[in-house]
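Worksheet for the structure shown next.
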Amino acid sequence: MSVLQIIPNTSDNIPLVCSNNARSFSFALQIPSNYVILIIDGLKKLYVKKLKPLEVAYHYSDFVSPLLANSDFDAKPMVMLLGQYSTGKTTFIKHLLRTSYPGAHIGPEPTTDRFIVVMYGPDERSIPGNTIAVQADMPFSGLTSFGTAFLSQLECSQMPHPLLENITLVDTPGVLSGEKQRTQRSYEFTGVTSWFAAKSDLILLLFDPHKLDISDEFKRVIASLQGHDDKIRVVLNKADQVDTQQVKHFTFFVHSCSRPPFRPRKICFLNWSPLHLMRVYGALMWSLGKVQNTPEVSRVYIGSFNDKPIDEDLTGPLGKELFEKEQDDLLTDLKNISKKACARRINEFVKRARAAKIHAYIISHLKKEMPAMMGKAKTQKKLIDNLEDVFVKPLTEMQGKAAYDTPLWWGPSPDTAHSAGDFPNVEKFKEVLSGYNFDKFEKLKPKLIQGVDDMLGYDIPELLKNFKNP
């Protein structure tokens with residue numbers, strides 16, 4: 001069974017070692033920590049000077065994401081675990097830490113009833129959600145937008161663990177089935193998962209091989225991860241139990257041929273075969289194919305992430321080797337989070353800048369379409385009802401000609417161009433717009449737009465060049 005271990009920081013580089021019972025291998029980050037700090041500080045200054053004014057002017061925080069604070073830039077890489085109940089999310093975290101954490105509950109029923117952020121702290125303690133949402137040194141202030149009902153279901157679990165010095169883990173409640181997901185939770189579950197997805201560096205979707213059916217509620221949760229497909233990893237957990245269950249189905253009676261009278265004898269197939277596991281794997285891929293709207297196939301890790309050793313008598317040497325290799329691959333992926341954290345911060349910052357620029361175009365266009373005197377309410381309702389068309393019109397105006405077919409492009413150069421995939425979700429945008437008076441919106445401010453274009457086209461590339469592009 002693979003174990004993830006972290007070696008304490010003893011130099012300017014952040015070392016991270018992954019070891020196995022039979023063998024060990026180690027890696028060290030190649031980016032000196034001082035370079036990372038300089039790049040992050042540079043992004044902070046660019047945000048305050050050029051991007052934040054645009055977000056404030058066009059109410060970006062109300063429509064898409066709250067304004068960023070210094071703690072958002074300084075936060076450790078984050079890993080979120082999602083799945084239906086009893087898929088092993090809490091056990092997975094316990095397996096990584098090699099110990100339990102404050103507030104952890106494990107059982108066959110839905111035991112984790114809240115979002116638990118597991119992070120480093122000087123001692124073991126649990127902090128209520130309302131407290132961490134107002135702490136300036138924690139990156140959770142944006143969660144206040146989901147109300148006190150959610151914050152009462154949020155908890156921070158701190159403990160002094162070397163792994164948590166490098167990453168933060170987020171344990172989530174199991175996705176319920178039927179109306180329970182919608183009616184028994186007093187907050188917008190998919191909205192919260194979407195918020196954490198934007199902040200996370202890695203998202204693990206855990207599945208139980210005996211519960212592969214993806215409910216409508218879980219589909220909506222996966223849909224809330226749209227735009228973060230590169231962060232998603234699928235884990236087929238408890239894979240060593242596949243044949244334990246299969247034994248019940250393949251146990252049968254045969255007649256003994258030794259001598260009459262024939263007596264029934266119970267025979268069980270205890271030798272592990274990959275055939276059953278491949279059938280489960282295929283069923284999972286089929287279920288995911290109906291949910292994920294991407295042409296790429298998701299990477300599925302197969303293993304059993306718990307504290308129990310793999311039963312070689314049941315799985316055989318082939319099964320044991322398969323599970324260990326798969327677990328090593330996933331643990332290596334987790335290890336690389338710290339190595340890629342700086343590049344991820346830059347990537348998310350650029351995505352946010354592009355989204356904020358498009359948002360400014362849309363809001364200013366809605367302002368422009370409003371009449372000067374009569375019929376304002378009627379015009380506003382018509383604009384909301386036809387929002388899909390409104391998304392296209394700013395492009396036509398900016399280009400001074402008819403819009404191109406999809407993908408749509410605007411911007412002064414290919415470096416700052418935008419495609420149809422950068423547009424916000426129409427239904428969510430409509431919902432927020434219904435609470436606004438379009439007359440109060442700002443007209444387009446070319447100076448703010450130019451500042452973001454310069455940041456994307458010149459400032460960020462120059463920042464990376466000066467501090468050795470990670």
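For the structure tokens, the naming scheme is as follows: chains receive sequential letters (A, B, ...) according to their order of presentation, residues are indexed from 1 within each chain, and ligands are indexed from 1 in presentation order.
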Check which residues of region 146-215 of chain A sit at most 8 Å from region 278-288 of chain A using only C-alpha atoms, and return one row each with the closest pair of atoms and their distance in Å to one decimal, ordered by chain and rising number, as CSV.
residue,atom,partner,partner_atom,distance
A:Pro209,CA,A:Val280,CA,6.3
A:Leu212,CA,A:Leu284,CA,6.0
A:Asp213,CA,A:Ser287,CA,6.9
A:Ile214,CA,A:Ser287,CA,6.7
Emit the selected residues as a PDB file, in the first residue's frame, including N, CA, C and O atoms.
ATOM      1  N   PRO A 209     -17.161   1.132  -6.540  1.00  0.00           N
ATOM      2  CA  PRO A 209     -17.447   0.202  -7.639  1.00  0.00           C
ATOM      3  C   PRO A 209     -18.816  -0.454  -7.547  1.00  0.00           C
ATOM      4  O   PRO A 209     -19.299  -1.017  -8.530  1.00  0.00           O
ATOM      5  N   LEU A 212     -22.107   2.765  -9.040  1.00  0.00           N
ATOM      6  CA  LEU A 212     -21.582   3.516 -10.177  1.00  0.00           C
ATOM      7  C   LEU A 212     -22.621   4.427 -10.822  1.00  0.00           C
ATOM      8  O   LEU A 212     -22.270   5.282 -11.636  1.00  0.00           O
ATOM      9  N   ASP A 213     -23.882   4.235 -10.505  1.00  0.00           N
ATOM     10  CA  ASP A 213     -24.915   5.061 -11.116  1.00  0.00           C
ATOM     11  C   ASP A 213     -24.763   6.504 -10.648  1.00  0.00           C
ATOM     12  O   ASP A 213     -24.665   6.778  -9.451  1.00  0.00           O
ATOM     13  N   ILE A 214     -24.716   7.422 -11.600  1.00  0.00           N
ATOM     14  CA  ILE A 214     -24.566   8.845 -11.290  1.00  0.00           C
ATOM     15  C   ILE A 214     -25.951   9.466 -11.238  1.00  0.00           C
ATOM     16  O   ILE A 214     -26.638   9.564 -12.259  1.00  0.00           O
TER      17      ILE A 214
END
For this session: Go ahead and compute the interatomic distance for CA of Val56 (chain A) and CA of Ser186 (chain A), in Å to one decimal.
Result: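 These two atoms are separated by 29.3 Å.
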Exercise. Which of these, A:Phe115, A:Tyr85, A:Phe63, A:Tyr187, has the shortest distance to Glu155 (chain A) once you count only C-alpha atoms?
Worked result: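 Ranking A:Phe115, A:Tyr85, A:Phe63, A:Tyr187 by distance to Glu155 (chain A), first place goes to A:Phe115.
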Applying 12 Å and only C-alpha atoms, which residues near region 374-390 of chain A remain after dropping the ones on its own chain fewer than 6 positions away? List them as a PDB file with C-alpha atoms, in the first residue's frame.
ATOM      1  CA  ILE A 358     -15.960  40.105 -21.332  1.00  0.00           C
ATOM      2  CA  HIS A 359     -18.189  40.888 -18.359  1.00  0.00           C
ATOM      3  CA  TYR A 361     -18.384  44.471 -22.457  1.00  0.00           C
ATOM      4  CA  ILE A 362     -21.712  42.808 -21.663  1.00  0.00           C
ATOM      5  CA  ILE A 363     -22.656  45.134 -18.788  1.00  0.00           C
ATOM      6  CA  SER A 364     -21.762  48.272 -20.745  1.00  0.00           C
ATOM      7  CA  HIS A 365     -23.763  47.024 -23.731  1.00  0.00           C
ATOM      8  CA  LEU A 366     -26.844  46.522 -21.530  1.00  0.00           C
ATOM      9  CA  LYS A 367     -26.433  50.096 -20.327  1.00  0.00           C
ATOM     10  CA  LYS A 368     -26.165  51.348 -23.914  1.00  0.00           C
ATOM     11  CA  THR A 396     -20.119  43.216 -33.497  1.00  0.00           C
ATOM     12  CA  GLU A 397     -19.814  46.720 -32.120  1.00  0.00           C
ATOM     13  CA  ALA A 403     -19.577  38.779 -35.893  1.00  0.00           C
ATOM     14  CA  ALA A 420     -17.177  31.759 -27.097  1.00  0.00           C
ATOM     15  CA  PHE A 423     -18.712  33.687 -22.009  1.00  0.00           C
ATOM     16  CA  PRO A 424     -20.497  33.338 -18.637  1.00  0.00           C
ATOM     17  CA  ASN A 425     -23.348  30.949 -17.908  1.00  0.00           C
ATOM     18  CA  VAL A 426     -26.491  32.470 -19.411  1.00  0.00           C
ATOM     19  CA  GLU A 427     -29.014  31.228 -16.848  1.00  0.00           C
ATOM     20  CA  LYS A 428     -26.950  32.318 -13.862  1.00  0.00           C
ATOM     21  CA  PHE A 429     -26.298  35.690 -15.484  1.00  0.00           C
ATOM     22  CA  LYS A 430     -30.035  36.191 -16.027  1.00  0.00           C
ATOM     23  CA  GLU A 431     -30.776  35.390 -12.400  1.00  0.00           C
ATOM     24  CA  VAL A 432     -28.365  38.024 -11.089  1.00  0.00           C
ATOM     25  CA  LEU A 433     -29.381  40.617 -13.697  1.00  0.00           C
ATOM     26  CA  SER A 434     -33.006  40.467 -12.549  1.00  0.00           C
ATOM     27  CA  GLY A 435     -32.003  42.253  -9.337  1.00  0.00           C
ATOM     28  CA  TYR A 436     -30.316  45.200 -11.081  1.00  0.00           C
ATOM     29  CA  ASN A 437     -31.437  48.436 -12.660  1.00  0.00           C
ATOM     30  CA  PHE A 438     -29.559  48.641 -15.972  1.00  0.00           C
ATOM     31  CA  ASP A 439     -29.580  52.431 -15.813  1.00  0.00           C
TER      32      ASP A 439
END
Fewer than 6 positions away in the same chain doesn't count, so skip those; otherwise give me all residues within 10 Å of Leu202 (chain A), counting only C-alpha atoms, as a PDB file with N, CA, C and O atoms, in the first residue's frame.
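As a result, part_32.pdb now contains:
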ATOM      1  N   PRO A  77      -1.847  25.393  -2.175  1.00  0.00           N
ATOM      2  CA  PRO A  77      -2.631  24.628  -3.157  1.00  0.00           C
ATOM      3  C   PRO A  77      -3.729  23.827  -2.456  1.00  0.00           C
ATOM      4  O   PRO A  77      -3.523  23.299  -1.352  1.00  0.00           O
ATOM      5  N   MET A  78      -4.876  23.729  -3.104  1.00  0.00           N
ATOM      6  CA  MET A  78      -6.043  23.113  -2.483  1.00  0.00           C
ATOM      7  C   MET A  78      -6.511  21.908  -3.290  1.00  0.00           C
ATOM      8  O   MET A  78      -6.510  21.935  -4.526  1.00  0.00           O
ATOM      9  N   VAL A  79      -6.908  20.848  -2.593  1.00  0.00           N
ATOM     10  CA  VAL A  79      -7.442  19.638  -3.215  1.00  0.00           C
ATOM     11  C   VAL A  79      -8.839  19.394  -2.656  1.00  0.00           C
ATOM     12  O   VAL A  79      -9.009  19.286  -1.435  1.00  0.00           O
ATOM     13  N   MET A  80      -9.846  19.325  -3.539  1.00  0.00           N
ATOM     14  CA  MET A  80     -11.226  19.079  -3.109  1.00  0.00           C
ATOM     15  C   MET A  80     -11.642  17.665  -3.492  1.00  0.00           C
ATOM     16  O   MET A  80     -11.385  17.208  -4.609  1.00  0.00           O
ATOM     17  N   LEU A  81     -12.315  16.976  -2.563  1.00  0.00           N
ATOM     18  CA  LEU A  81     -12.815  15.630  -2.799  1.00  0.00           C
ATOM     19  C   LEU A  81     -14.334  15.670  -2.910  1.00  0.00           C
ATOM     20  O   LEU A  81     -15.011  16.218  -2.022  1.00  0.00           O
ATOM     21  N   LEU A 169      -6.636  20.317   2.151  1.00  0.00           N
ATOM     22  CA  LEU A 169      -7.599  19.326   1.685  1.00  0.00           C
ATOM     23  C   LEU A 169      -9.009  19.760   2.066  1.00  0.00           C
ATOM     24  O   LEU A 169      -9.226  20.299   3.153  1.00  0.00           O
ATOM     25  N   HIS A 228     -13.264  23.766 -15.308  1.00  0.00           N
ATOM     26  CA  HIS A 228     -12.148  23.277 -14.499  1.00  0.00           C
ATOM     27  C   HIS A 228     -11.826  21.823 -14.831  1.00  0.00           C
ATOM     28  O   HIS A 228     -11.362  21.069 -13.973  1.00  0.00           O
ATOM     29  N   ASP A 229     -12.069  21.437 -16.085  1.00  0.00           N
ATOM     30  CA  ASP A 229     -11.882  20.044 -16.486  1.00  0.00           C
ATOM     31  C   ASP A 229     -10.437  19.581 -16.319  1.00  0.00           C
ATOM     32  O   ASP A 229     -10.188  18.398 -16.071  1.00  0.00           O
ATOM     33  N   ASP A 230      -9.486  20.502 -16.478  1.00  0.00           N
ATOM     34  CA  ASP A 230      -8.079  20.123 -16.361  1.00  0.00           C
ATOM     35  C   ASP A 230      -7.690  19.774 -14.931  1.00  0.00           C
ATOM     36  O   ASP A 230      -6.651  19.146 -14.697  1.00  0.00           O
ATOM     37  N   LYS A 231      -8.519  20.147 -13.965  1.00  0.00           N
ATOM     38  CA  LYS A 231      -8.215  19.848 -12.559  1.00  0.00           C
ATOM     39  C   LYS A 231      -8.816  18.527 -12.094  1.00  0.00           C
ATOM     40  O   LYS A 231      -8.451  18.028 -11.033  1.00  0.00           O
ATOM     41  N   ILE A 232      -9.742  17.970 -12.856  1.00  0.00           N
ATOM     42  CA  ILE A 232     -10.520  16.819 -12.385  1.00  0.00           C
ATOM     43  C   ILE A 232      -9.750  15.518 -12.576  1.00  0.00           C
ATOM     44  O   ILE A 232      -9.190  15.258 -13.637  1.00  0.00           O
ATOM     45  N   ARG A 233      -9.731  14.709 -11.525  1.00  0.00           N
ATOM     46  CA  ARG A 233      -9.216  13.342 -11.579  1.00  0.00           C
ATOM     47  C   ARG A 233     -10.300  12.417 -11.006  1.00  0.00           C
ATOM     48  O   ARG A 233     -10.940  12.750 -10.010  1.00  0.00           O
ATOM     49  N   ASP A 333       0.642  12.538  -8.725  1.00  0.00           N
ATOM     50  CA  ASP A 333      -0.154  13.674  -9.186  1.00  0.00           C
ATOM     51  C   ASP A 333      -0.385  14.665  -8.052  1.00  0.00           C
ATOM     52  O   ASP A 333      -0.287  15.888  -8.237  1.00  0.00           O
ATOM     53  N   LEU A 334      -0.668  14.156  -6.864  1.00  0.00           N
ATOM     54  CA  LEU A 334      -0.841  15.027  -5.704  1.00  0.00           C
ATOM     55  C   LEU A 334       0.454  15.733  -5.350  1.00  0.00           C
ATOM     56  O   LEU A 334       0.467  16.919  -5.001  1.00  0.00           O
ATOM     57  N   ILE A 337       1.306  18.910  -7.298  1.00  0.00           N
ATOM     58  CA  ILE A 337       0.490  20.113  -7.101  1.00  0.00           C
ATOM     59  C   ILE A 337       1.360  21.277  -6.651  1.00  0.00           C
ATOM     60  O   ILE A 337       1.257  22.396  -7.170  1.00  0.00           O
TER      61      ILE A 337
END
Seminar exercise, completed: One residue among A:His276, A:His59, A:His210, A:Lys238 is nearest to Thr91 (chain A) when using only C-alpha atoms, and that residue is A:Lys238
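Candidate residues A:Ser224, A:Asn237, A:Asn306, A:Gln450 were compared for distance to Phe207 (chain A), and the nearest is A:Asn237, using only C-alpha atoms.
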Problem set entry | Selection: 9 Å around Asp74 (chain A), only C-alpha atoms, excl. self and same-chain fewer than 2 positions, as a list in words |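 Those residues are Ile37, Ile40, Asn70, Ser71, Asp72, Lys76, Asp137, Met138 and Pro139 of chain A.
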Restricting it to all heavy atoms, dump the selection as a PDB file, in the first residue's frame.
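As written to disk, out.pdb reads:
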ATOM      1  N   ILE A  37       7.494  33.733  -4.603  1.00  0.00           N
ATOM      2  CA  ILE A  37       7.007  34.875  -3.835  1.00  0.00           C
ATOM      3  C   ILE A  37       7.013  36.138  -4.682  1.00  0.00           C
ATOM      4  O   ILE A  37       6.062  36.926  -4.671  1.00  0.00           O
ATOM      5  CB  ILE A  37       7.860  35.065  -2.562  1.00  0.00           C
ATOM      6  CG1 ILE A  37       7.638  33.883  -1.604  1.00  0.00           C
ATOM      7  CG2 ILE A  37       7.514  36.375  -1.864  1.00  0.00           C
ATOM      8  CD1 ILE A  37       8.572  33.887  -0.414  1.00  0.00           C
ATOM      9  N   ILE A  40       4.112  35.973  -7.251  1.00  0.00           N
ATOM     10  CA  ILE A  40       2.824  36.186  -6.601  1.00  0.00           C
ATOM     11  C   ILE A  40       2.660  37.651  -6.194  1.00  0.00           C
ATOM     12  O   ILE A  40       1.583  38.234  -6.355  1.00  0.00           O
ATOM     13  CB  ILE A  40       2.679  35.265  -5.367  1.00  0.00           C
ATOM     14  CG1 ILE A  40       2.695  33.795  -5.797  1.00  0.00           C
ATOM     15  CG2 ILE A  40       1.404  35.584  -4.615  1.00  0.00           C
ATOM     16  CD1 ILE A  40       1.613  33.417  -6.775  1.00  0.00           C
ATOM     17  N   ASN A  70      -5.395  39.475  -0.517  1.00  0.00           N
ATOM     18  CA  ASN A  70      -4.022  38.947  -0.493  1.00  0.00           C
ATOM     19  C   ASN A  70      -3.988  37.476  -0.091  1.00  0.00           C
ATOM     20  O   ASN A  70      -3.158  36.706  -0.581  1.00  0.00           O
ATOM     21  CB  ASN A  70      -3.170  39.771   0.480  1.00  0.00           C
ATOM     22  CG  ASN A  70      -2.799  41.131  -0.088  1.00  0.00           C
ATOM     23  OD1 ASN A  70      -2.849  41.345  -1.300  1.00  0.00           O
ATOM     24  ND2 ASN A  70      -2.427  42.054   0.777  1.00  0.00           N
ATOM     25  N   SER A  71      -4.905  37.082   0.788  1.00  0.00           N
ATOM     26  CA  SER A  71      -4.934  35.685   1.232  1.00  0.00           C
ATOM     27  C   SER A  71      -5.266  34.726   0.098  1.00  0.00           C
ATOM     28  O   SER A  71      -4.868  33.555   0.123  1.00  0.00           O
ATOM     29  CB  SER A  71      -5.943  35.520   2.370  1.00  0.00           C
ATOM     30  OG  SER A  71      -7.246  35.930   1.958  1.00  0.00           O
ATOM     31  N   ASP A  72      -5.998  35.193  -0.922  1.00  0.00           N
ATOM     32  CA  ASP A  72      -6.302  34.339  -2.076  1.00  0.00           C
ATOM     33  C   ASP A  72      -5.044  34.036  -2.882  1.00  0.00           C
ATOM     34  O   ASP A  72      -4.907  32.947  -3.449  1.00  0.00           O
ATOM     35  CB  ASP A  72      -7.347  35.009  -2.965  1.00  0.00           C
ATOM     36  CG  ASP A  72      -8.703  35.125  -2.290  1.00  0.00           C
ATOM     37  OD1 ASP A  72      -9.250  34.079  -1.904  1.00  0.00           O
ATOM     38  OD2 ASP A  72      -9.202  36.254  -2.138  1.00  0.00           O
ATOM     39  N   LYS A  76      -2.256  28.138   0.179  1.00  0.00           N
ATOM     40  CA  LYS A  76      -1.599  26.905  -0.266  1.00  0.00           C
ATOM     41  C   LYS A  76      -2.453  26.225  -1.337  1.00  0.00           C
ATOM     42  O   LYS A  76      -3.664  26.442  -1.404  1.00  0.00           O
ATOM     43  CB  LYS A  76      -1.403  25.956   0.920  1.00  0.00           C
ATOM     44  CG  LYS A  76      -0.439  26.464   1.983  1.00  0.00           C
ATOM     45  CD  LYS A  76      -0.299  25.423   3.084  1.00  0.00           C
ATOM     46  CE  LYS A  76       0.730  25.867   4.134  1.00  0.00           C
ATOM     47  NZ  LYS A  76       0.265  27.014   4.909  1.00  0.00           N
ATOM     48  N   ASP A 137      -6.309  36.271   7.082  1.00  0.00           N
ATOM     49  CA  ASP A 137      -5.223  35.429   6.611  1.00  0.00           C
ATOM     50  C   ASP A 137      -5.705  34.116   6.012  1.00  0.00           C
ATOM     51  O   ASP A 137      -4.897  33.253   5.678  1.00  0.00           O
ATOM     52  CB  ASP A 137      -4.244  35.136   7.760  1.00  0.00           C
ATOM     53  CG  ASP A 137      -4.928  34.414   8.921  1.00  0.00           C
ATOM     54  OD1 ASP A 137      -6.166  34.508   9.033  1.00  0.00           O
ATOM     55  OD2 ASP A 137      -4.214  33.765   9.711  1.00  0.00           O
ATOM     56  N   MET A 138      -7.009  33.951   5.861  1.00  0.00           N
ATOM     57  CA  MET A 138      -7.569  32.746   5.243  1.00  0.00           C
ATOM     58  C   MET A 138      -8.346  33.114   3.982  1.00  0.00           C
ATOM     59  O   MET A 138      -9.037  34.139   3.963  1.00  0.00           O
ATOM     60  CB  MET A 138      -8.479  32.008   6.228  1.00  0.00           C
ATOM     61  CG  MET A 138      -7.747  31.346   7.370  1.00  0.00           C
ATOM     62  SD  MET A 138      -8.831  30.220   8.286  1.00  0.00           S
ATOM     63  CE  MET A 138      -7.668  29.523   9.463  1.00  0.00           C
ATOM     64  N   PRO A 139      -8.265  32.273   2.937  1.00  0.00           N
ATOM     65  CA  PRO A 139      -8.866  32.636   1.646  1.00  0.00           C
ATOM     66  C   PRO A 139     -10.327  32.225   1.510  1.00  0.00           C
ATOM     67  O   PRO A 139     -10.747  31.725   0.471  1.00  0.00           O
ATOM     68  CB  PRO A 139      -7.988  31.844   0.663  1.00  0.00           C
ATOM     69  CG  PRO A 139      -7.631  30.604   1.404  1.00  0.00           C
ATOM     70  CD  PRO A 139      -7.477  31.024   2.847  1.00  0.00           C
TER      71      PRO A 139
END
Exercise. At what distance in Å, to one decimal, does CA of Val170 (chain A) lie from CA of Ala197 (chain A)?
Worked result: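 Straight-line distance from CA of Ala197 (chain A) to CA of Val170 (chain A) works out to 10.4 Å.
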For this session: Name the closest residue to Gln327 (chain A) among the candidates A:Ile460, A:Leu82, A:Ile127, A:Val235; distances are taken between atoms, counting only C-alpha atoms.
Result: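 Of all the options, A:Val235 lies closest to Gln327 (chain A).
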